[in-house]
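Colleague: Sharing a structure, written as structure tokens. Questions coming.
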Amino acid sequence: MSPSKPFMGEPMFAFRQLRAFVAVAECGSFTRAAEQLHLSQPALSASIRKLESLLGLSLFARDTRCVTLTLAGRHFLDHARHILEGMEQALADARDMAHLRRGLVRVAALPSIASSHLPRIARVFSSRHPEIDLDIRDGLAGSIQRGVAAGEVDIALSSRPRDDQTLGFTRLWQDQLIAVTPTAGVARARDWRQAVRKRPYIALTADTSIRPLADRALSDAGIAATPAWEVSRMSSAIAMVREQLGYTLLPACCIEVFNLGTEISNWRIDGAARDLGLLWRRPLQQSPALDAFMALLREHTPACGEALERPVI
């Protein structure tokens, strides 16, 4: 037999050809191998001839009584078994991912979301899909957007990005802005403007999603937006208000997350809210695990604010 050399641009071999070769080698018979693989003997023989042609090697020495491996065939057998094991493992892994028996979802979230709504969603997701790993990271808006753009996370629950064509955003709900003040000294105040007037402004830092919204609300109300203090965490701002160091403007979610107590009052700021929702890098790298997580998000739109639209990616 003089096998022809394979054409260089042709794929090397198929899974069925390797499986046919290993079966014949282990059975020592084309007939028994064909029965084991539920193939006709001509189809099995054709697979072996195709493999030999692609390799440019004779893999079996044949006579009327038995089939034995050639030296090249014995050398190739271990490699073929290794390739088959790898391919079978890859197929099994793919099936597990498709049926949500394995996978990973990496989610970033603003601190206000990570400390309020996301833990409940994570609990439900983990109970439904215990074999899927859920990686949750919290961070400020700027760092979250950089992490999404760099592919460090799959999606984020964050605020709307500013004119970044590499990022996609689907609005899920709106988060109302509130003024948080010491209760002392505001008994006669009719609205938030009177409650904050003449008090120092405790602002969140500029890289938070709340700061631009808060400064704009103050400007619209004719109140100076120059901060006396700047902190990056809502908990720090609330602690400073509790000590009567000033007032702050925060998302309404903080009412649920933090125990404000009777010494702190909160005031709704009409017309001031931020869009929150799903943030991802274009194009979205979807997976069965990520699809399942986003489906759960649609079921559990946070109650902190008005749900605006069903996300469609």
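Letters A, B, ... mark the chains of the structure tokens in the order given; residue numbers begin at 1 per chain; ligand numbers begin at 1, in order shown.
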Find the spatial neighbours of region 231-233 of chain A, counting only C-alpha atoms, within a cut-off of 7 Å - ignore same-chain residues fewer than 3 positions away - and output them as a PyMOL selection string.

Modeller: chain A and resi 203-205+236-237

Colleague: Kindly export the residues of the current selection with all heavy atoms, as a compact mmCIF listing (two decimals), in the first residue's frame.

Modeller:
# COMPACT_ATOMS: atom_id res chain seq x y z
N ALA A 203 -19.88 65.64 50.07
CA ALA A 203 -20.06 65.11 48.70
C ALA A 203 -19.36 63.76 48.55
O ALA A 203 -18.32 63.50 49.18
CB ALA A 203 -19.51 66.09 47.69
N LEU A 204 -19.92 62.92 47.68
CA LEU A 204 -19.19 61.75 47.23
C LEU A 204 -18.16 62.20 46.18
O LEU A 204 -18.32 63.24 45.54
CB LEU A 204 -20.15 60.72 46.62
CG LEU A 204 -21.19 60.12 47.56
CD1 LEU A 204 -22.01 59.06 46.85
CD2 LEU A 204 -20.53 59.52 48.80
N THR A 205 -17.11 61.43 46.01
CA THR A 205 -16.02 61.83 45.12
C THR A 205 -16.47 61.87 43.66
O THR A 205 -17.48 61.29 43.28
CB THR A 205 -14.82 60.89 45.27
OG1 THR A 205 -15.28 59.53 45.11
CG2 THR A 205 -14.18 61.03 46.64
N SER A 236 -19.57 56.33 54.78
CA SER A 236 -18.78 57.41 55.39
C SER A 236 -19.58 58.71 55.42
O SER A 236 -19.57 59.44 56.42
CB SER A 236 -17.48 57.61 54.62
OG SER A 236 -16.70 56.44 54.62
N ALA A 237 -20.28 58.99 54.31
CA ALA A 237 -21.09 60.21 54.25
C ALA A 237 -22.19 60.19 55.30
O ALA A 237 -22.44 61.20 55.99
CB ALA A 237 -21.68 60.37 52.85

Colleague: Considering only C-alpha atoms, tabulate each residue of region 106-221 of chain A that lies at most 7 Å from region 261-283 of chain A along with its nearest interatomic pair and the corresponding distance in Å to one decimal; arrange the rows by chain and ascending residue number and present them as CSV.

Modeller:
residue,atom,partner,partner_atom,distance
A:Val148,CA,A:Arg281,CA,5.9
A:Ala149,CA,A:Arg281,CA,5.6
A:Asp154,CA,A:Trp280,CA,6.7
A:Ile155,CA,A:Trp280,CA,4.8
A:Ala156,CA,A:Leu279,CA,4.9
A:Leu157,CA,A:Leu278,CA,5.0
A:Ser158,CA,A:Leu276,CA,5.5
A:Ser159,CA,A:Leu276,CA,4.5
A:Arg160,CA,A:Asp275,CA,6.1
A:Thr166,CA,A:Arg282,CA,5.6
A:Leu167,CA,A:Arg281,CA,4.6
A:Gly168,CA,A:Trp280,CA,5.2
A:Phe169,CA,A:Leu279,CA,4.6
A:Thr170,CA,A:Leu278,CA,5.2
A:Arg171,CA,A:Gly277,CA,4.4
A:Leu172,CA,A:Gly277,CA,4.5
A:Trp173,CA,A:Leu276,CA,5.6
A:Gln174,CA,A:Asp275,CA,4.7
A:Asp175,CA,A:Arg274,CA,5.2
A:Gln176,CA,A:Ala273,CA,4.4
A:Leu177,CA,A:Ala273,CA,5.3
A:Ile178,CA,A:Arg268,CA,4.6
A:Ala179,CA,A:Trp267,CA,5.0
A:Val180,CA,A:Asn266,CA,4.5
A:Thr181,CA,A:Ser265,CA,5.3
A:Pro182,CA,A:Ile264,CA,4.6
A:Thr183,CA,A:Ile264,CA,4.8
A:Trp192,CA,A:Trp267,CA,5.4
A:Ala217,CA,A:Ala272,CA,6.4

Colleague: Based on the selection just made, write N, CA and C atoms of those residues as a PDB file, in the first residue's frame.

Modeller:
ATOM      1  N   VAL A 148     -15.051  46.766  32.783  1.00  0.00           N
ATOM      2  CA  VAL A 148     -15.884  46.201  31.715  1.00  0.00           C
ATOM      3  C   VAL A 148     -15.183  46.359  30.372  1.00  0.00           C
ATOM      4  N   ALA A 149     -14.647  47.557  30.105  1.00  0.00           N
ATOM      5  CA  ALA A 149     -13.967  47.815  28.829  1.00  0.00           C
ATOM      6  C   ALA A 149     -12.761  46.909  28.644  1.00  0.00           C
ATOM      7  N   ASP A 154     -17.792  40.188  32.979  1.00  0.00           N
ATOM      8  CA  ASP A 154     -18.687  39.927  31.852  1.00  0.00           C
ATOM      9  C   ASP A 154     -19.722  41.038  31.692  1.00  0.00           C
ATOM     10  N   ILE A 155     -20.318  41.441  32.799  1.00  0.00           N
ATOM     11  CA  ILE A 155     -21.311  42.512  32.797  1.00  0.00           C
ATOM     12  C   ILE A 155     -21.163  43.287  34.092  1.00  0.00           C
ATOM     13  N   ALA A 156     -21.819  44.432  34.142  1.00  0.00           N
ATOM     14  CA  ALA A 156     -21.843  45.210  35.380  1.00  0.00           C
ATOM     15  C   ALA A 156     -23.241  45.754  35.598  1.00  0.00           C
ATOM     16  N   LEU A 157     -23.572  45.972  36.850  1.00  0.00           N
ATOM     17  CA  LEU A 157     -24.784  46.681  37.230  1.00  0.00           C
ATOM     18  C   LEU A 157     -24.322  48.054  37.669  1.00  0.00           C
ATOM     19  N   SER A 158     -24.556  49.031  36.803  1.00  0.00           N
ATOM     20  CA  SER A 158     -23.934  50.321  37.012  1.00  0.00           C
ATOM     21  C   SER A 158     -24.794  51.425  36.411  1.00  0.00           C
ATOM     22  N   SER A 159     -24.257  52.622  36.418  1.00  0.00           N
ATOM     23  CA  SER A 159     -24.935  53.774  35.834  1.00  0.00           C
ATOM     24  C   SER A 159     -24.624  53.861  34.340  1.00  0.00           C
ATOM     25  N   ARG A 160     -25.351  54.692  33.657  1.00  0.00           N
ATOM     26  CA  ARG A 160     -25.159  54.856  32.213  1.00  0.00           C
ATOM     27  C   ARG A 160     -23.789  55.488  31.945  1.00  0.00           C
ATOM     28  N   THR A 166     -17.614  51.795  22.986  1.00  0.00           N
ATOM     29  CA  THR A 166     -17.195  50.407  23.201  1.00  0.00           C
ATOM     30  C   THR A 166     -18.083  49.698  24.211  1.00  0.00           C
ATOM     31  N   LEU A 167     -18.920  50.460  24.937  1.00  0.00           N
ATOM     32  CA  LEU A 167     -19.759  49.887  25.979  1.00  0.00           C
ATOM     33  C   LEU A 167     -21.224  49.969  25.589  1.00  0.00           C
ATOM     34  N   GLY A 168     -21.969  48.915  25.923  1.00  0.00           N
ATOM     35  CA  GLY A 168     -23.411  48.903  25.746  1.00  0.00           C
ATOM     36  C   GLY A 168     -24.096  49.043  27.090  1.00  0.00           C
ATOM     37  N   PHE A 169     -25.294  49.604  27.077  1.00  0.00           N
ATOM     38  CA  PHE A 169     -26.020  49.822  28.330  1.00  0.00           C
ATOM     39  C   PHE A 169     -27.503  49.587  28.095  1.00  0.00           C
ATOM     40  N   THR A 170     -28.128  48.812  28.972  1.00  0.00           N
ATOM     41  CA  THR A 170     -29.573  48.605  28.958  1.00  0.00           C
ATOM     42  C   THR A 170     -30.150  49.056  30.294  1.00  0.00           C
ATOM     43  N   ARG A 171     -31.004  50.056  30.257  1.00  0.00           N
ATOM     44  CA  ARG A 171     -31.584  50.595  31.483  1.00  0.00           C
ATOM     45  C   ARG A 171     -32.556  49.586  32.094  1.00  0.00           C
ATOM     46  N   LEU A 172     -32.413  49.380  33.399  1.00  0.00           N
ATOM     47  CA  LEU A 172     -33.292  48.473  34.132  1.00  0.00           C
ATOM     48  C   LEU A 172     -34.241  49.220  35.068  1.00  0.00           C
ATOM     49  N   TRP A 173     -33.741  50.231  35.725  1.00  0.00           N
ATOM     50  CA  TRP A 173     -34.578  50.973  36.653  1.00  0.00           C
ATOM     51  C   TRP A 173     -33.963  52.347  36.890  1.00  0.00           C
ATOM     52  N   GLN A 174     -34.689  53.175  37.595  1.00  0.00           N
ATOM     53  CA  GLN A 174     -34.235  54.517  37.924  1.00  0.00           C
ATOM     54  C   GLN A 174     -34.067  54.630  39.424  1.00  0.00           C
ATOM     55  N   ASP A 175     -33.012  55.271  39.839  1.00  0.00           N
ATOM     56  CA  ASP A 175     -32.662  55.383  41.250  1.00  0.00           C
ATOM     57  C   ASP A 175     -32.846  56.830  41.697  1.00  0.00           C
ATOM     58  N   GLN A 176     -33.779  57.049  42.613  1.00  0.00           N
ATOM     59  CA  GLN A 176     -34.133  58.392  43.072  1.00  0.00           C
ATOM     60  C   GLN A 176     -33.049  58.975  43.973  1.00  0.00           C
ATOM     61  N   LEU A 177     -32.788  60.262  43.820  1.00  0.00           N
ATOM     62  CA  LEU A 177     -31.836  60.957  44.676  1.00  0.00           C
ATOM     63  C   LEU A 177     -32.560  61.519  45.896  1.00  0.00           C
ATOM     64  N   ILE A 178     -31.913  61.414  47.065  1.00  0.00           N
ATOM     65  CA  ILE A 178     -32.484  61.970  48.294  1.00  0.00           C
ATOM     66  C   ILE A 178     -31.426  62.819  48.996  1.00  0.00           C
ATOM     67  N   ALA A 179     -31.897  63.760  49.791  1.00  0.00           N
ATOM     68  CA  ALA A 179     -31.013  64.520  50.669  1.00  0.00           C
ATOM     69  C   ALA A 179     -31.047  63.870  52.042  1.00  0.00           C
ATOM     70  N   VAL A 180     -29.880  63.724  52.630  1.00  0.00           N
ATOM     71  CA  VAL A 180     -29.755  63.113  53.952  1.00  0.00           C
ATOM     72  C   VAL A 180     -29.192  64.182  54.892  1.00  0.00           C
ATOM     73  N   THR A 181     -29.960  64.481  55.929  1.00  0.00           N
ATOM     74  CA  THR A 181     -29.580  65.560  56.847  1.00  0.00           C
ATOM     75  C   THR A 181     -29.708  65.092  58.292  1.00  0.00           C
ATOM     76  N   PRO A 182     -29.056  65.796  59.204  1.00  0.00           N
ATOM     77  CA  PRO A 182     -29.343  65.532  60.619  1.00  0.00           C
ATOM     78  C   PRO A 182     -30.794  65.904  60.913  1.00  0.00           C
ATOM     79  N   THR A 183     -31.432  65.156  61.760  1.00  0.00           N
ATOM     80  CA  THR A 183     -32.817  65.469  62.129  1.00  0.00           C
ATOM     81  C   THR A 183     -32.883  66.758  62.937  1.00  0.00           C
ATOM     82  N   TRP A 192     -36.424  69.739  50.995  1.00  0.00           N
ATOM     83  CA  TRP A 192     -35.001  69.435  51.157  1.00  0.00           C
ATOM     84  C   TRP A 192     -34.126  70.679  51.029  1.00  0.00           C
ATOM     85  N   ALA A 217     -28.308  68.713  40.849  1.00  0.00           N
ATOM     86  CA  ALA A 217     -29.512  68.988  41.635  1.00  0.00           C
ATOM     87  C   ALA A 217     -29.321  70.231  42.500  1.00  0.00           C
TER      88      ALA A 217
END

Colleague: At a cut-off of 9 Å, using only C-alpha atoms, what residues contact Ala23 (chain A)? Leave out same-chain residues fewer than 6 positions from it and give the result as a list in words.

Modeller: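 In the requested format, the answer is Ser29, Phe30, Arg32, Ala33, Ala34, Gln36 and Leu37 of chain A.
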
Colleague: Please report, as number ranges by chain, each residue of region 136-260 of chain A to which DSSP assigns alpha helix (DSSP H) when run on this structure's backbone.

Modeller: A: 141-149, 192-196, 210-220, 234-242, 253-257

Colleague: Closest to Ser45 (chain A) among A:Ser235, A:Ser287, A:Gln17, A:Ser58, using only C-alpha atoms?

Modeller: A:Gln17
